[in-house]
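Trainee: Dumping the structure here so I can ask a few things about it.
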Amino acid sequence: MLLESILIVLGVLAIGFLFAPLGLGGGILYVPLFHYVGGWEIDQKLIIVSLLLSAITSYGSGLEHRKKSYIDDELTGIALWGAIPGAMIGVFFVMMTGTEFKSIFKVLSVIVVGFVIFKMIRKLNSESSDSKLEGEIQIGKMTSLSAFGGFLSSVMAIGAGMIYVPAMKFFGNLETRKSIGSSLNIMMVVVPFAIVAHFMLLNNYQISQLIDESILLIVLIIANFSGSKFGAILGFRLFDENILMKVFIGVLSITWINYVIDLAI
C-alpha cells in the first residue's frame with residue numbers, strides 16, 4: 001500500500017506538471033492511475049477524486065495564465081452557460097447507468113478522445129499555425145461544444161480541457177495560449193459544480209472510504225497544485241504556440257492508445 005501511494009503521488013505530481021501548460025485538468029490520466037496502480041474501482045468515489053485533482057490543476061495553472069492575461073473573460077463567461085448545465089446532465093447520466101457505467105466509461109473514452117485527436121490534427125493541417133486568427137466567433141458552436149465538455153467532465157471525471165481548448169480556439173477564434181487559459185478558467189468553475197453534485201450521490205460506505213484516504217488526498221492536493229503551478233510557469237518559457245498544440249495532441253494520443261488496449265484486453 002505504501003509503494004502504491006508513493007507511485008500515485010509521483011504520478012499526480014507529474015501529470016499536474018505536464019498537463020498544466022496544455023489547458024488540461026489531467027483527469028484523463030488520473031482515473032487510469034488510480035484504477036491500475038491503486039486498484040480503485042471506477043465509481044463515483046474515484047470520479048470525485050479525479051475531479052478534485054483536475055480542479056486543483058486548473059487552479060494552479062489557471063491563476064498563472066490569468067496573471068499573464070492569457071484568458072478571454074467574456075468568451076469564458078459565455079462558454080459557462082453551456083458547460084455548467086452539461087456537467088449537471090452528466091451527473092444524472094452516471095446515476096442512471098449504474099452498474100453499466102464502467103464499460104460505458106471506457107468505450108466513451110475511446111470514442112471521444114479519438115474524435116478530438118482527429119479533429120485537431122485535421123484543423124492544424126488545414127491552416128497555418130497560430131497566425132493571426134480571422135473570422136467570426138461562432139457563439140452557438142462554442143457554447144454547444146462547451147456543454148458537451150461539461151457533460152464529459154462529470155461522466156469521464158476529467159476537467160474536459162481536451163474539449164474546451166478546441167472550442168475556444170476554433171469557435172471562439174482565440175490564439176492557443178488564450179484558449180488554454182480560458183479552458184482552465186472554465187474548469188475552475190465547472191469542476192466544483194460536478195464534484196458537489198457527485199458527492200451528494202455517494203453512499204455512506206463510499207464517504208467513509210474517502211475519509212480513510214484523507215491524508216493521502218491532502219498530500220495529492222499539495223503535490224498537484226505545486227506541479228501544475230510550476231508546470232505553467234515553465235511552459236510559458238519553454239513552449240511556443242505550435243509546440244503546445246503538438247504536445248497536446250501527443251498526450252491525447254497516448255491516452256487514447258491506453259484505453260484501446262484496455263478495451264482489447
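Residue numbering restarts at 1 for every chain of the C-alpha cells, chains are lettered A, B, ... in their displayed order, and ligands are numbered from 1 as they appear.
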Each residue of range 14-49 of chain A lying at most 9 Å from range 145-157 of chain A should get a row with its shortest atom-to-atom pair and the distance in Å to one decimal, counting only C-alpha atoms; could you produce that, ordered by chain and increasing number, as JSON lines?
Mentor:
{"residue": "A:Gly27", "atom": "CA", "partner": "A:Ala157", "partner_atom": "CA", "distance": 5.8}
{"residue": "A:Ile28", "atom": "CA", "partner": "A:Ala157", "partner_atom": "CA", "distance": 7.4}
{"residue": "A:Tyr30", "atom": "CA", "partner": "A:Ala157", "partner_atom": "CA", "distance": 8.6}
{"residue": "A:Val31", "atom": "CA", "partner": "A:Ala157", "partner_atom": "CA", "distance": 7.3}
{"residue": "A:Gln44", "atom": "CA", "partner": "A:Ala157", "partner_atom": "CA", "distance": 8.9}
{"residue": "A:Leu46", "atom": "CA", "partner": "A:Ala157", "partner_atom": "CA", "distance": 8.0}
{"residue": "A:Ile47", "atom": "CA", "partner": "A:Ala157", "partner_atom": "CA", "distance": 4.8}
{"residue": "A:Ile48", "atom": "CA", "partner": "A:Ala157", "partner_atom": "CA", "distance": 7.2}
{"residue": "A:Val49", "atom": "CA", "partner": "A:Ala157", "partner_atom": "CA", "distance": 8.4}
Trainee: Skipping near chain neighbours, those fewer than 4 positions away, what residues fall within 10 Å of Phe248 in chain A using only C-alpha atoms, listed as JSON, numbers by chain?
Mentor: {"A": [18, 19, 21, 22, 23, 24, 117, 120, 162, 165, 242, 243, 244, 252, 253]}
Trainee: Could you please take those selected residues and save N, CA and C atoms as a tab-separated table (two decimals), in the first residue's frame?
Mentor:
chain	number	residue	atom	x	y	z
A	18	LEU	N	2.90	18.30	-16.26
A	18	LEU	CA	2.88	18.18	-17.71
A	18	LEU	C	1.60	18.70	-18.34
A	19	PHE	N	0.48	18.54	-17.65
A	19	PHE	CA	-0.79	18.92	-18.24
A	19	PHE	C	-1.12	20.40	-18.08
A	21	PRO	N	0.46	23.26	-18.66
A	21	PRO	CA	0.68	24.18	-19.78
A	21	PRO	C	-0.23	23.92	-20.98
A	22	LEU	N	-0.94	22.78	-20.96
A	22	LEU	CA	-1.76	22.39	-22.11
A	22	LEU	C	-3.23	22.73	-21.94
A	23	GLY	N	-3.61	23.24	-20.78
A	23	GLY	CA	-5.01	23.56	-20.54
A	23	GLY	C	-5.84	22.35	-20.18
A	24	LEU	N	-5.20	21.27	-19.76
A	24	LEU	CA	-5.89	20.04	-19.38
A	24	LEU	C	-5.89	19.88	-17.87
A	117	ILE	N	-8.72	14.03	-31.20
A	117	ILE	CA	-7.40	13.95	-31.86
A	117	ILE	C	-7.54	14.15	-33.36
A	120	MET	N	-8.46	17.81	-34.27
A	120	MET	CA	-7.39	18.77	-34.04
A	120	MET	C	-6.28	18.63	-35.08
A	162	MET	N	-9.64	18.99	-23.07
A	162	MET	CA	-9.49	18.49	-24.43
A	162	MET	C	-10.67	18.89	-25.30
A	165	VAL	N	-10.47	23.55	-24.97
A	165	VAL	CA	-9.41	24.21	-25.73
A	165	VAL	C	-9.78	24.32	-27.21
A	242	ASN	N	2.98	26.59	-31.40
A	242	ASN	CA	2.92	25.40	-32.24
A	242	ASN	C	3.31	24.15	-31.46
A	243	ILE	N	4.34	24.26	-30.65
A	243	ILE	CA	4.78	23.11	-29.84
A	243	ILE	C	3.69	22.70	-28.86
A	244	LEU	N	3.01	23.67	-28.26
A	244	LEU	CA	1.95	23.38	-27.30
A	244	LEU	C	0.87	22.51	-27.93
A	252	LEU	N	-2.87	13.34	-25.79
A	252	LEU	CA	-4.17	12.71	-26.02
A	252	LEU	C	-4.01	11.38	-26.76
A	253	SER	N	-3.06	11.31	-27.67
A	253	SER	CA	-2.84	10.08	-28.44
A	253	SER	C	-2.39	8.93	-27.53
Trainee: Kindly give the distance, in Å, that separates CA of Ile222 in chain A and CA of Ile158 in chain A, rounded to a single decimal.
Mentor: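 Taking CA of Ile222 in chain A and CA of Ile158 in chain A, their separation equals 18.8 Å.
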Trainee: Using only C-alpha atoms, which protein or nucleic acid residues come within 10 Å of Gly62 in chain A? Drop anything in the same chain fewer than 6 positions from it, and give the result as an MDAnalysis selection string.
Mentor: chainID A and resid 20:21 23 55:56 68 70:71 180:188 228:229 232
Trainee: Save out the residues we just selected, N, CA and C atoms, as a PDB file, in the first residue's frame.
Mentor:
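Output saved as part33.pdb:
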ATOM      1  N   ALA A  20      -0.581  21.032 -17.054  1.00  0.00           N
ATOM      2  CA  ALA A  20      -0.912  22.428 -16.773  1.00  0.00           C
ATOM      3  C   ALA A  20      -0.665  23.366 -17.950  1.00  0.00           C
ATOM      4  N   PRO A  21       0.462  23.263 -18.661  1.00  0.00           N
ATOM      5  CA  PRO A  21       0.682  24.181 -19.781  1.00  0.00           C
ATOM      6  C   PRO A  21      -0.227  23.920 -20.977  1.00  0.00           C
ATOM      7  N   GLY A  23      -3.610  23.244 -20.782  1.00  0.00           N
ATOM      8  CA  GLY A  23      -5.014  23.563 -20.543  1.00  0.00           C
ATOM      9  C   GLY A  23      -5.845  22.355 -20.178  1.00  0.00           C
ATOM     10  N   ALA A  55      -9.544  19.904 -10.664  1.00  0.00           N
ATOM     11  CA  ALA A  55      -9.826  21.269 -10.224  1.00  0.00           C
ATOM     12  C   ALA A  55      -8.567  21.943  -9.694  1.00  0.00           C
ATOM     13  N   ILE A  56      -7.778  21.194  -8.916  1.00  0.00           N
ATOM     14  CA  ILE A  56      -6.533  21.749  -8.379  1.00  0.00           C
ATOM     15  C   ILE A  56      -5.576  22.105  -9.506  1.00  0.00           C
ATOM     16  N   LYS A  68      -0.837  36.352 -16.598  1.00  0.00           N
ATOM     17  CA  LYS A  68      -0.222  36.728 -17.880  1.00  0.00           C
ATOM     18  C   LYS A  68      -1.258  37.264 -18.869  1.00  0.00           C
ATOM     19  N   TYR A  70      -3.590  35.611 -20.241  1.00  0.00           N
ATOM     20  CA  TYR A  70      -3.895  34.610 -21.255  1.00  0.00           C
ATOM     21  C   TYR A  70      -5.299  34.056 -21.003  1.00  0.00           C
ATOM     22  N   ILE A  71      -6.293  34.904 -21.151  1.00  0.00           N
ATOM     23  CA  ILE A  71      -7.681  34.498 -20.914  1.00  0.00           C
ATOM     24  C   ILE A  71      -8.611  35.527 -21.540  1.00  0.00           C
ATOM     25  N   ILE A 180      -6.096  28.063 -23.979  1.00  0.00           N
ATOM     26  CA  ILE A 180      -5.698  27.238 -22.836  1.00  0.00           C
ATOM     27  C   ILE A 180      -6.076  27.919 -21.524  1.00  0.00           C
ATOM     28  N   GLY A 181      -5.754  29.204 -21.405  1.00  0.00           N
ATOM     29  CA  GLY A 181      -6.096  29.940 -20.181  1.00  0.00           C
ATOM     30  C   GLY A 181      -7.589  30.003 -19.953  1.00  0.00           C
ATOM     31  N   SER A 182      -8.348  30.212 -21.019  1.00  0.00           N
ATOM     32  CA  SER A 182      -9.808  30.259 -20.904  1.00  0.00           C
ATOM     33  C   SER A 182     -10.363  28.896 -20.528  1.00  0.00           C
ATOM     34  N   SER A 183      -9.794  27.842 -21.118  1.00  0.00           N
ATOM     35  CA  SER A 183     -10.210  26.481 -20.782  1.00  0.00           C
ATOM     36  C   SER A 183     -10.017  26.207 -19.292  1.00  0.00           C
ATOM     37  N   LEU A 184      -8.866  26.572 -18.781  1.00  0.00           N
ATOM     38  CA  LEU A 184      -8.576  26.361 -17.361  1.00  0.00           C
ATOM     39  C   LEU A 184      -9.544  27.117 -16.473  1.00  0.00           C
ATOM     40  N   ASN A 185      -9.892  28.339 -16.867  1.00  0.00           N
ATOM     41  CA  ASN A 185     -10.811  29.132 -16.052  1.00  0.00           C
ATOM     42  C   ASN A 185     -12.248  28.620 -16.144  1.00  0.00           C
ATOM     43  N   ILE A 186     -12.609  27.979 -17.246  1.00  0.00           N
ATOM     44  CA  ILE A 186     -13.906  27.307 -17.319  1.00  0.00           C
ATOM     45  C   ILE A 186     -13.938  26.161 -16.320  1.00  0.00           C
ATOM     46  N   MET A 187     -12.852  25.389 -16.294  1.00  0.00           N
ATOM     47  CA  MET A 187     -12.764  24.256 -15.368  1.00  0.00           C
ATOM     48  C   MET A 187     -12.818  24.704 -13.914  1.00  0.00           C
ATOM     49  N   MET A 188     -12.242  25.862 -13.625  1.00  0.00           N
ATOM     50  CA  MET A 188     -12.218  26.368 -12.254  1.00  0.00           C
ATOM     51  C   MET A 188     -13.625  26.579 -11.706  1.00  0.00           C
ATOM     52  N   SER A 228       1.306  21.679 -11.026  1.00  0.00           N
ATOM     53  CA  SER A 228       0.605  22.451 -12.055  1.00  0.00           C
ATOM     54  C   SER A 228       1.076  23.904 -12.091  1.00  0.00           C
ATOM     55  N   LYS A 229       1.369  24.477 -10.924  1.00  0.00           N
ATOM     56  CA  LYS A 229       1.823  25.864 -10.863  1.00  0.00           C
ATOM     57  C   LYS A 229       3.179  26.020 -11.556  1.00  0.00           C
ATOM     58  N   ALA A 232       3.016  25.355 -15.369  1.00  0.00           N
ATOM     59  CA  ALA A 232       2.526  26.501 -16.137  1.00  0.00           C
ATOM     60  C   ALA A 232       3.614  27.555 -16.310  1.00  0.00           C
TER      61      ALA A 232
END
Trainee: Would you list the contacts of Gly172 in chain A as a PyMOL selection string, taking every protein, DNA or RNA residue within 10 Å and counting only C-alpha atoms, but skipping same-chain residues closer than 6 positions in sequence?
Mentor: chain A and resi 72+75-76+79+135-143+165-166+179
